[in-house]
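First up is the structure itself, then whatever we jot down about it.
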Amino acid sequence: MSQYCKITEGLEVVAWLSSHTLTTISQRDSSHPRHCKHQLGGQRLVNTDSLHFISRFFSSSDVHTEAVQAALAKHKERKMAVPMPSKRRSLVVQTSMDAYTPPDTSSGSEEEGGQGEGTPTSSQGSISMEHWITRAIHQGSTTSSSSSSTQSGGSGAAGRLADVLAQTHVGKSGNAPSTSPASTSIPQPVTPTLPAMLLLCVLNICFFPGLCLFVCINTCVSSLGVPVSSRVSAKIQQLVNTLKQPRRPPLREFFVDDFEELLEVQQPDPNQPRPEGSQMVAIRGEPLGVVTNWPPSLEAALQRWGTISPKAPCLTTMDTNGKPLYVLTYGKLWSRSIKVAYNILHKLGTKQEPMVRPGDRVALVFPNNDPAAFMVAFYGCLLAEVVPVPIEVPLTRKDAGSQQIGFLLGSCGVTVALTSDACHKGLPKGPTGEIPQFKGWPKLLWFVTESKHLSKPPRDWFPHIKDANNDTAYIEYKTCKDGSVLGVTVTRIALLTHCQALTQSCGYTEAEIIVNVLDFKKDVGLWHGILTSVMNMMHVISIPYSLMKVNPLSWIQKVCQYKAKVACVKSRDMHWALVAHRDQRDVNLSSLRMLVVADGSNPWSISSCDAFLNVFQSKGLRPEVICPCASSAEALTVAIRRWEESYFIGTPLLSMQGLSYGVIRVDSEERLSVLTVQDVGTVMPGALMCVVKPEGVPQLCRTDEIGELCVCSIATGMSYYGLSGMTKNTFEVFPMTSSGAPISEYPFTRTGLLGFIGPGGLVFVSGKMDGLMVVSGRRHNADDIVATALAVEPMKFVYRGRIAVFSVTVLHDERIVVVAEQRPDSTEEDSFQWMSRVLQAIDSIHNVGVFCLALVPANTLPKTPLGGIHLSETKQLFLEGSLHPCNVLMCPHTCVTNLPKPRQKQPEIGPASVMVGNLVSGKRIAQASGRDLGQIEDNDQARKFLFLSEVLQWRAQTTPDHVLFTLLSSRGTVLSSLTCLQLHKRAEKIAAMLMERGHLQDGDHVALVYPPGIDLIAAFYGCLYAGCVPITVRPPHPQNIATTLPTVKMIVEVSRSACVMTSQVICKLLKSKEASAAVDVRSWPPVLDTDDLPKKKPPQLYKPSNPDTLAYLDFSVSTTGMLAGVKMSHTATSAFCRSIKLQCELYPSREVAICLDPYCGLGFVLWCLCSVYSGHQSILIPPSELEVNPALWLLAVSQFRVRDTFCSYSVMELCTKGLGLQTESLKSRGLDLSRVRTCVVVAEERPRIALTQSFSKLFKDLGLHPRAVSTSFGCRVNLAICLQGTSGPDPTTVFVDMRALRHDRVRLVERGSPHSLPLMESGKVPAGLPSRGGEFLLQDKDQIWVHCAHNGSGYFTVYGDEALQSDHFNSHLSFGDTQTVWARTGYLGFLRRTELTDASGERHDALYVVGALDEAMELRGMRYHPIDIETSVIRTHKSIMECAVFPWTNLLVVVVELEGSEQEALDLVPLVTNAVLEEHYLIVGVVVVVDIGVIPINSRGEKQRMHLRDGFLADQLDPIYVAYNM
């Protein structure tokens, strides 16, 4: 029964398949008794049924669709709860279907789009189509369309997330333990297996809150033990659970000795298929037959037909109703072309200086519905021997790709544009009626070619008809992958030879009728419908794009009406006809002998061809009529299938995995990862074809290897106009054998098509070079991805022709992005299901992850002139953040597998050592000291007093009328002031009140709740006079009592305050109804109103017995949300004031402007203490007043001729933003900053270089010297570690390697180096303050330690557990000097000895603060500082006003404030993810888009990231959008 035959040499199967086993392509044939294979005697014998791939009747084109549907249905009944993103309801737009106009869904012939197919608006047609496809599949039909839709409406489980991914890559671990998210629940709960759970690490899902149907809001306990009840925390917990699972592929951990972060290099798969066939040989097409009556040139052919058959119809145009609009005869074409030629040469310019000479280039600008005018102009140019450059009509000045077209015209030297009268009238006009110059275009003279506008040529003038030569005939534009436009020159001999080759291949004869649906200005439409038709005196019926939109069946109707022999279409036209087909009985396609499919090389083309044949075979369509072809702008027609009945057709099933490695493997067993390709015929007559490797030297491929098709023929393009280098690489290629010998002395032309030559010389195209995406070393074609996406319930949720696939480079590898236009009638849940199914299908079939899948509203993607997607413009919009998607789904975890390896934690080796390989090398500790307070000789009389209260009493006696404090109002006027005596007397009265009314004793704590002003100062010294310990507390905000009052209450309780002193206004506020709603007002300690003070003095002023006793408590909330009260002794307070006095040279004759919050840190010391100690006058400016008058601070500095001023970053930012456009008006008001000697920013963070530089540059014109602006640095344990003094050198800036910082190392690099981070020194170390940090010579980074007299004494807590934090204030070195007591600052930084010298002549030690240890994030074993990531994020998009990041377990959460439309929120998700990946090698866990002002900022301008985290987890942010990376 078994019959075997040896594969014949004629079929060349052995050479093509090499040693590979050929299997049948259909599983349903596998049960056939003859389905087997043998190898006998070392020679392969193959069952005759194995050659089924040669016949389309044994391999159906629905394999791709079936594979997708099988992959999606594999786990049909399994469900999974996926954390859905949150989206504000205002973003969910309900589209009215009544007012909706469908998009122009056409593909046209755009090379740059490649995915352009469209769907008419008929819903009935769509239902009919799906019904037919379903019936065909169930009946076991051998042909089907890739547009088939699964009937999954009733099951509800067909689109569950991750089913396919779980089975493909990680499905091998079938016995892995199952996991289930504890914080989510779904209907019919199941326990996902490990592979299913791993999918949660794949998707970055960005959707609407309406989709949170499967996530219940349960109370979960985080890994930190903090109970949180919110939907956000449930999603976070699910992410935490899933991210504990290992990702694919596993990353090995290591420690980099040289601190480099090396990206993971993709290792080649040892099991990857490799080509095994022999080296291919070039295939020669049939000889180009020299027919005796072929004309010597195309112009000669036009002359012949125009004179001997002037009434023969050449071209019939149609109107939008499908009726003939105009018939152009050969006589009219000939006479009008002569007229155009004469006018071009003689009526433009003058006789002496004509504008156009033979050989010049002119633009042809004609609409797609006027082929007759274009044809006349084109042949007129040929007769005039000028070179036509056909382009599209620019409808607006901002058309997609229009600027690049203008660049092409400019490079070609085009000065004249030929156009029709109707087109000229439709062009945009300026105010004067002239056509404006389009962006990027040269200045053009527009010339209308209608006969009524032209002069008759003289009778003695006649164009010179030459034989075809090597002069350029025309230039065809080509849009590249990057959006640039090139001009391909075609010579006259190539033009003629190409027409002859097409005539021979297609068997064209005189007077044949051809229906053309394609763009007649370029490519196949131009070659068949304008050029070859004239050579053979054929009659072309041109179907305009506008008619196809109204009536997709129009081209079929014209074939029937005119009994056309040939039709030139695209697969989209066949698809449209299928959708619109309604069993029309009058359709008869028996006249067709050839149906040329222009995009027959696309992977979805075969499904359209087979489905079209299946439907219309009963209408007279013969199978051999369908003739796919392959073409390119460079090589013209590459191959075309012949129309003879006996012609064999090949449709092999190729393994997708093999194709991704560039290897041909015929695969029929798995059927989930195969690509069905159809042949595009054989090599063109007179041509020689070979396949070369796509990269590197043009070496011949093996017979089983995919490569770029190259053609050697006269009938190809000649060059890229004006680009000799690119021309050489494309049009002058000499393919070589493996030995390096060229295979021909004649050059080949690269076609830009990827493919191979199969049995019998059949040409197969598997993709395009422009659509090639190399991901992790494997090649994927954009068209294949589109075909897979189309097979997932096509036409139901997205428009068939409106899908764009491209790659973006992220982290040194290409990442796939899919963008599609969503139908307006799709629900959010439907869209999400479709997107998740597309991801499953692509991952299963192509074994590659999609980085981003975005859905945009209908009609929003940039279009090419024929309605296809303009791919490069779409990609540009995506990269710019201007795409405005309505749904985004990102999957960085599957795609990004080349992250640096996680850092391995090393054992502690001591702060003075550094890892050198495996050895520990000890180095000296970096140490810097300020001047010794005890050795400085000055006239400081305050030194003899141990307590500030004594200094104030001494000043009240010696200089009673000297003004110490001046408070300004928002208008800049003096609100109040205090002299030494006034302050002393007011403090006495307050002390008396504390003793009498408060009944306080020595050492009792008193909370001072005052607005910034003089009352706060008087109350502070009143407490010192009474022996009480003051605590300054920011008062609650009257408009926000509910949020601010609990903090006040907490500080009062934690500090164990015996009473509260405040003003009368705040006293009423504390006892108001609003306050009682926020806190328990009955639990307040006694509240004393200091507006009504007693008139008598206290019996005696308190004098502490020991200077080490407590002077005051400094309470503040850190940026990490920790409330800490630091104990400050009298000794430390006096030493602190003395250090600042010496550093800033403060004397009684000085005025200092202070614009700081006076409640904690250095701000409090400068506001309340320093003036009393140093005697200088402090100009007090409350920062809140700048919200009313931003110029208040700078005007006060100018008005009082201040030399020294202090501010916060928030004040500086307010001035920079609020006064940026007012510098001229301020200058006219007399604002002068030239006297400013020091402008110090008080902060507890790394200096903000960008802000200080912007401030300096902005106010430079007002006299501000750049060196005057500097920073200070303080922390909880020491309020002023660094302070820029008057005698120190200018602040220095260094650049460090961010990658080394993550490894706790410091490497100095040059400015502008990759990954460089600028760090400005935080100021000079003040007098009396040694400090210890990392040694820059070690390239080490460590925590900063300080040892000095004005360190804090320790933390004050209610429960007396100071021992828990005692190491902050009482640390000792474990080597060297082990006796000295140091305080740990909690900040990371390093010291660097500079070449600069200070006033004492000593070398200047610069301290560089990197960041707070509490805020640093440990991710992947490395230390990241939030400010670095935030800086990267803010730069990504102009609409991001502010950003904050924080970690939650092992997730990175990024919160961005959006300034602009809420519709831009989804644009930010890919940009943020890309930026953090590129610059920091981190995958963002969650992206949260919020309104401006949501990120909390304290009075010092520092972000309260932990407060933000708590608000996010408690679902209190009211976000615009929340996107989860899973």
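Please note that chains go A, B, ... in the order of the structure tokens, that every chain numbers its residues from 1, and that ligands are numbered from 1 in the order shown.
Residues of range 1181-1285 of chain A that DSSP places in strand (DSSP E), based on the backbone of this structure, are A:Asp1204, A:Thr1205, A:Phe1206, A:Cys1207, A:Thr1238, A:Cys1239, A:Val1240, A:Val1241, A:Val1269, A:Ser1270, A:Thr1271, A:Ser1272, A:Phe1273, A:Cys1282, A:Leu1283.
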Could you save those same residues with C-alpha atoms as a short mmCIF file (atom, residue, chain, number, x, y, z; two decimals), in the first residue's frame?
data_model
loop_
_atom_site.label_atom_id
_atom_site.label_comp_id
_atom_site.auth_asym_id
_atom_site.auth_seq_id
_atom_site.Cartn_x
_atom_site.Cartn_y
_atom_site.Cartn_z
CA ASP A 1204 23.73 87.58 54.04
CA THR A 1205 20.45 85.77 53.58
CA PHE A 1206 19.09 82.30 54.28
CA CYS A 1207 16.21 80.52 52.57
CA THR A 1238 26.07 84.80 50.74
CA CYS A 1239 22.69 83.33 49.89
CA VAL A 1240 22.54 80.02 51.75
CA VAL A 1241 19.90 77.36 51.15
CA VAL A 1269 24.49 81.03 46.13
CA SER A 1270 25.47 78.03 48.23
CA THR A 1271 23.93 75.36 50.41
CA SER A 1272 24.12 74.13 53.96
CA PHE A 1273 23.54 70.68 55.32
CA CYS A 1282 28.13 72.15 56.59
CA LEU A 1283 27.61 75.86 56.13
#
Which residues come within 7 Å of Lys1097 in chain A, counting only C-alpha atoms, excluding same-chain residues fewer than 2 positions away, as a PyMOL selection string?
chain A and resi 988-989+992+1095+1099
Restrict the selected residues to all heavy atoms and save them as a PDB file, in the first residue's frame.
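The result, written out as out15.pdb:
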ATOM      1  N   GLU A 988      10.361  88.232  80.324  1.00  0.00           N
ATOM      2  CA  GLU A 988      10.108  88.209  81.775  1.00  0.00           C
ATOM      3  C   GLU A 988       8.619  88.026  82.071  1.00  0.00           C
ATOM      4  O   GLU A 988       8.240  87.258  82.963  1.00  0.00           O
ATOM      5  CB  GLU A 988      10.605  89.509  82.406  1.00  0.00           C
ATOM      6  CG  GLU A 988      12.112  89.596  82.556  1.00  0.00           C
ATOM      7  CD  GLU A 988      12.548  90.881  83.256  1.00  0.00           C
ATOM      8  OE1 GLU A 988      11.885  91.925  83.020  1.00  0.00           O
ATOM      9  OE2 GLU A 988      13.518  90.830  84.023  1.00  0.00           O
ATOM     10  N   LYS A 989       7.779  88.750  81.348  1.00  0.00           N
ATOM     11  CA  LYS A 989       6.334  88.645  81.584  1.00  0.00           C
ATOM     12  C   LYS A 989       5.827  87.236  81.269  1.00  0.00           C
ATOM     13  O   LYS A 989       4.975  86.697  81.982  1.00  0.00           O
ATOM     14  CB  LYS A 989       5.589  89.669  80.745  1.00  0.00           C
ATOM     15  CG  LYS A 989       5.893  91.113  81.140  1.00  0.00           C
ATOM     16  CD  LYS A 989       5.150  92.085  80.236  1.00  0.00           C
ATOM     17  CE  LYS A 989       5.463  93.538  80.626  1.00  0.00           C
ATOM     18  NZ  LYS A 989       4.788  94.510  79.744  1.00  0.00           N
ATOM     19  N   ALA A 992       6.760  85.001  84.050  1.00  0.00           N
ATOM     20  CA  ALA A 992       5.866  85.201  85.198  1.00  0.00           C
ATOM     21  C   ALA A 992       4.543  84.493  84.970  1.00  0.00           C
ATOM     22  O   ALA A 992       3.978  83.882  85.896  1.00  0.00           O
ATOM     23  CB  ALA A 992       5.651  86.701  85.414  1.00  0.00           C
ATOM     24  N   LYS A1095       1.532  92.175  84.047  1.00  0.00           N
ATOM     25  CA  LYS A1095       2.420  93.345  84.000  1.00  0.00           C
ATOM     26  C   LYS A1095       3.620  93.221  84.933  1.00  0.00           C
ATOM     27  O   LYS A1095       4.587  93.958  84.792  1.00  0.00           O
ATOM     28  CB  LYS A1095       1.614  94.605  84.362  1.00  0.00           C
ATOM     29  CG  LYS A1095       0.526  94.919  83.355  1.00  0.00           C
ATOM     30  CD  LYS A1095      -0.235  96.194  83.714  1.00  0.00           C
ATOM     31  CE  LYS A1095      -1.327  96.487  82.696  1.00  0.00           C
ATOM     32  NZ  LYS A1095      -2.099  97.698  83.043  1.00  0.00           N
ATOM     33  N   PRO A1099       9.616  86.797  90.202  1.00  0.00           N
ATOM     34  CA  PRO A1099      10.449  87.124  91.376  1.00  0.00           C
ATOM     35  C   PRO A1099      11.929  86.979  91.077  1.00  0.00           C
ATOM     36  O   PRO A1099      12.742  87.802  91.507  1.00  0.00           O
ATOM     37  CB  PRO A1099       9.975  86.135  92.449  1.00  0.00           C
ATOM     38  CG  PRO A1099       9.259  85.049  91.685  1.00  0.00           C
ATOM     39  CD  PRO A1099       8.680  85.692  90.469  1.00  0.00           C
TER      40      PRO A1099
END
In range 1022-1106 of chain A, DSSP alpha helix (DSSP H) residues written as a VMD selection string:
chain A and resid 1022 to 1026 1041 to 1054 1064 to 1070 1073 to 1078
If you count only C-alpha atoms, which residues fall within 9 Å of Phe1369 in chain A, apart from same-chain ones fewer than 2 positions away, as a ChimeraX atom specification?
/A:1277,1351-1355,1365-1367,1371,1381-1385
Those same residues, written as a tab-separated table (two decimals), in the first residue's frame with N, CA, C and O atoms?
chain	number	residue	atom	x	y	z
A	1277	VAL	N	21.01	64.79	64.20
A	1277	VAL	CA	22.00	64.73	65.27
A	1277	VAL	C	22.84	65.99	65.34
A	1277	VAL	O	23.40	66.32	66.38
A	1351	ASN	N	26.60	68.81	68.88
A	1351	ASN	CA	25.77	67.64	68.57
A	1351	ASN	C	24.59	67.59	69.52
A	1351	ASN	O	24.67	68.05	70.66
A	1352	GLY	N	23.50	66.99	69.06
A	1352	GLY	CA	22.39	66.75	69.95
A	1352	GLY	C	22.77	65.75	71.02
A	1352	GLY	O	23.71	64.95	70.87
A	1353	SER	N	22.02	65.79	72.14
A	1353	SER	CA	22.33	64.88	73.26
A	1353	SER	C	21.68	63.52	73.08
A	1353	SER	O	22.07	62.56	73.74
A	1354	GLY	N	20.67	63.43	72.25
A	1354	GLY	CA	19.97	62.16	72.06
A	1354	GLY	C	18.53	62.42	71.68
A	1354	GLY	O	18.07	63.56	71.59
A	1355	TYR	N	17.82	61.32	71.42
A	1355	TYR	CA	16.40	61.43	71.09
A	1355	TYR	C	15.57	61.48	72.36
A	1355	TYR	O	15.88	60.83	73.36
A	1365	GLN	N	18.13	54.12	70.00
A	1365	GLN	CA	18.76	55.00	69.03
A	1365	GLN	C	20.05	55.61	69.58
A	1365	GLN	O	20.54	56.60	69.05
A	1366	SER	N	20.58	55.01	70.65
A	1366	SER	CA	21.73	55.63	71.29
A	1366	SER	C	22.96	55.63	70.38
A	1366	SER	O	23.83	56.50	70.51
A	1367	ASP	N	23.03	54.65	69.47
A	1367	ASP	CA	24.21	54.61	68.61
A	1367	ASP	C	24.25	55.79	67.65
A	1367	ASP	O	25.29	56.08	67.07
A	1371	SER	N	28.51	56.73	69.24
A	1371	SER	CA	29.18	55.68	68.47
A	1371	SER	C	30.69	55.82	68.64
A	1371	SER	O	31.23	56.92	68.83
A	1381	VAL	N	33.71	60.09	70.99
A	1381	VAL	CA	32.28	59.83	70.78
A	1381	VAL	C	31.85	60.52	69.49
A	1381	VAL	O	32.04	61.73	69.32
A	1382	TRP	N	31.28	59.74	68.61
A	1382	TRP	CA	30.81	60.26	67.32
A	1382	TRP	C	29.29	60.12	67.24
A	1382	TRP	O	28.69	59.28	67.92
A	1383	ALA	N	28.70	60.93	66.41
A	1383	ALA	CA	27.27	60.81	66.14
A	1383	ALA	C	27.08	60.39	64.68
A	1383	ALA	O	27.71	60.95	63.78
A	1384	ARG	N	26.23	59.41	64.48
A	1384	ARG	CA	25.92	58.98	63.11
A	1384	ARG	C	24.83	59.88	62.54
A	1384	ARG	O	23.77	60.03	63.14
A	1385	THR	N	25.08	60.44	61.38
A	1385	THR	CA	24.10	61.39	60.80
A	1385	THR	C	22.96	60.68	60.09
A	1385	THR	O	21.89	61.26	59.90
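One finds CA of Tyr330 in chain A at 23.7 Å from CA of Ala363 in chain A.
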Shortest contact to Leu496 in chain A, candidates A:Phe520, A:Tyr746, A:Tyr721, A:Trp294, atoms counted only C-alpha atoms, goes to A:Trp294
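Among A:Ile435, A:Leu1413, A:Leu899, A:Cys1028, the residue with the shortest atom-to-atom distance to Leu1482 in chain A, counting only C-alpha atoms, is A:Leu899.
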Please compute the CA of Lys1127 in chain A-CA of Phe1115 in chain A distance, one decimal, in Å.
8.9 Å
What separates CA of Leu636 in chain A and CA of Lys728 in chain A is a distance of 17.5 Å
Non-local contacts of Cys381 in chain A (12 Å; only C-alpha atoms; under 2 positions in same chain excluded) as a ChimeraX atom specification
/A:299,336-345,356-364,374-379,383-390,416-418,449,463,472-475
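Of the listed residues (A:Trp1448, A:Trp604, A:Tyr477, A:Trp527), A:Trp527 comes nearest to Leu495 in chain A; the distances count only C-alpha atoms.
Every protein, DNA or RNA residue with an atom at most 8 Å from Val587 in chain A, where only C-alpha atoms count and chain neighbours fewer than 4 positions away do not, is listed here: Ile556, Gln557, Cys560 and Lys619 of chain A.
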Any chance you can output those residues with C-alpha atoms as an mmCIF file, in the first residue's frame?
data_model
loop_
_atom_site.group_PDB
_atom_site.id
_atom_site.type_symbol
_atom_site.label_atom_id
_atom_site.label_comp_id
_atom_site.auth_asym_id
_atom_site.auth_seq_id
_atom_site.Cartn_x
_atom_site.Cartn_y
_atom_site.Cartn_z
ATOM 1 C CA ILE A 556 -15.466 42.959 -8.645
ATOM 2 C CA GLN A 557 -18.444 44.660 -10.280
ATOM 3 C CA CYS A 560 -17.879 41.578 -14.367
ATOM 4 C CA LYS A 619 -18.755 32.545 -9.182
#
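Nearest residue to Val1087 in chain A, choosing from A:His1176, A:Arg1246, A:Arg997, A:Lys443 and counting only C-alpha atoms: A:Arg997.
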Spatial neighbours of range 1216-1227 of chain A, max dist 7 Å, only C-alpha atoms, sep filter under 3 positions, as a PyMOL selection string:
chain A and resi 1190+1212-1213+1230-1231+1255+1258+1262
For the selection you just gave me, I'd like the residues written to a file as a PDB file, in the first residue's frame, keeping C-alpha atoms.
ATOM      1  CA  PRO A1190       6.687  86.016  45.531  1.00  0.00           C
ATOM      2  CA  MET A1212      13.967  79.397  45.988  1.00  0.00           C
ATOM      3  CA  GLU A1213      11.671  77.313  43.780  1.00  0.00           C
ATOM      4  CA  GLY A1230      14.996  99.103  41.823  1.00  0.00           C
ATOM      5  CA  LEU A1231      15.617  95.537  42.906  1.00  0.00           C
ATOM      6  CA  PHE A1255      18.091  80.655  40.417  1.00  0.00           C
ATOM      7  CA  LEU A1258      17.650  83.952  36.444  1.00  0.00           C
ATOM      8  CA  LEU A1262      19.639  91.821  38.971  1.00  0.00           C
TER       9      LEU A1262
END
List every residue of range 320-365 of chain A that has an atom at most 6 Å from any atom of range 305-312 of chain A, giving for each one its closest atom pair and the distance in Å to one decimal, counting only C-alpha atoms, sorted by chain and then by ascending residue number, as CSV.
residue,atom,partner,partner_atom,distance
A:Thr329,CA,A:Ala312,CA,5.5
A:Tyr330,CA,A:Gly306,CA,4.8
A:Gly331,CA,A:Pro310,CA,3.7
A:Trp334,CA,A:Gly306,CA,5.3
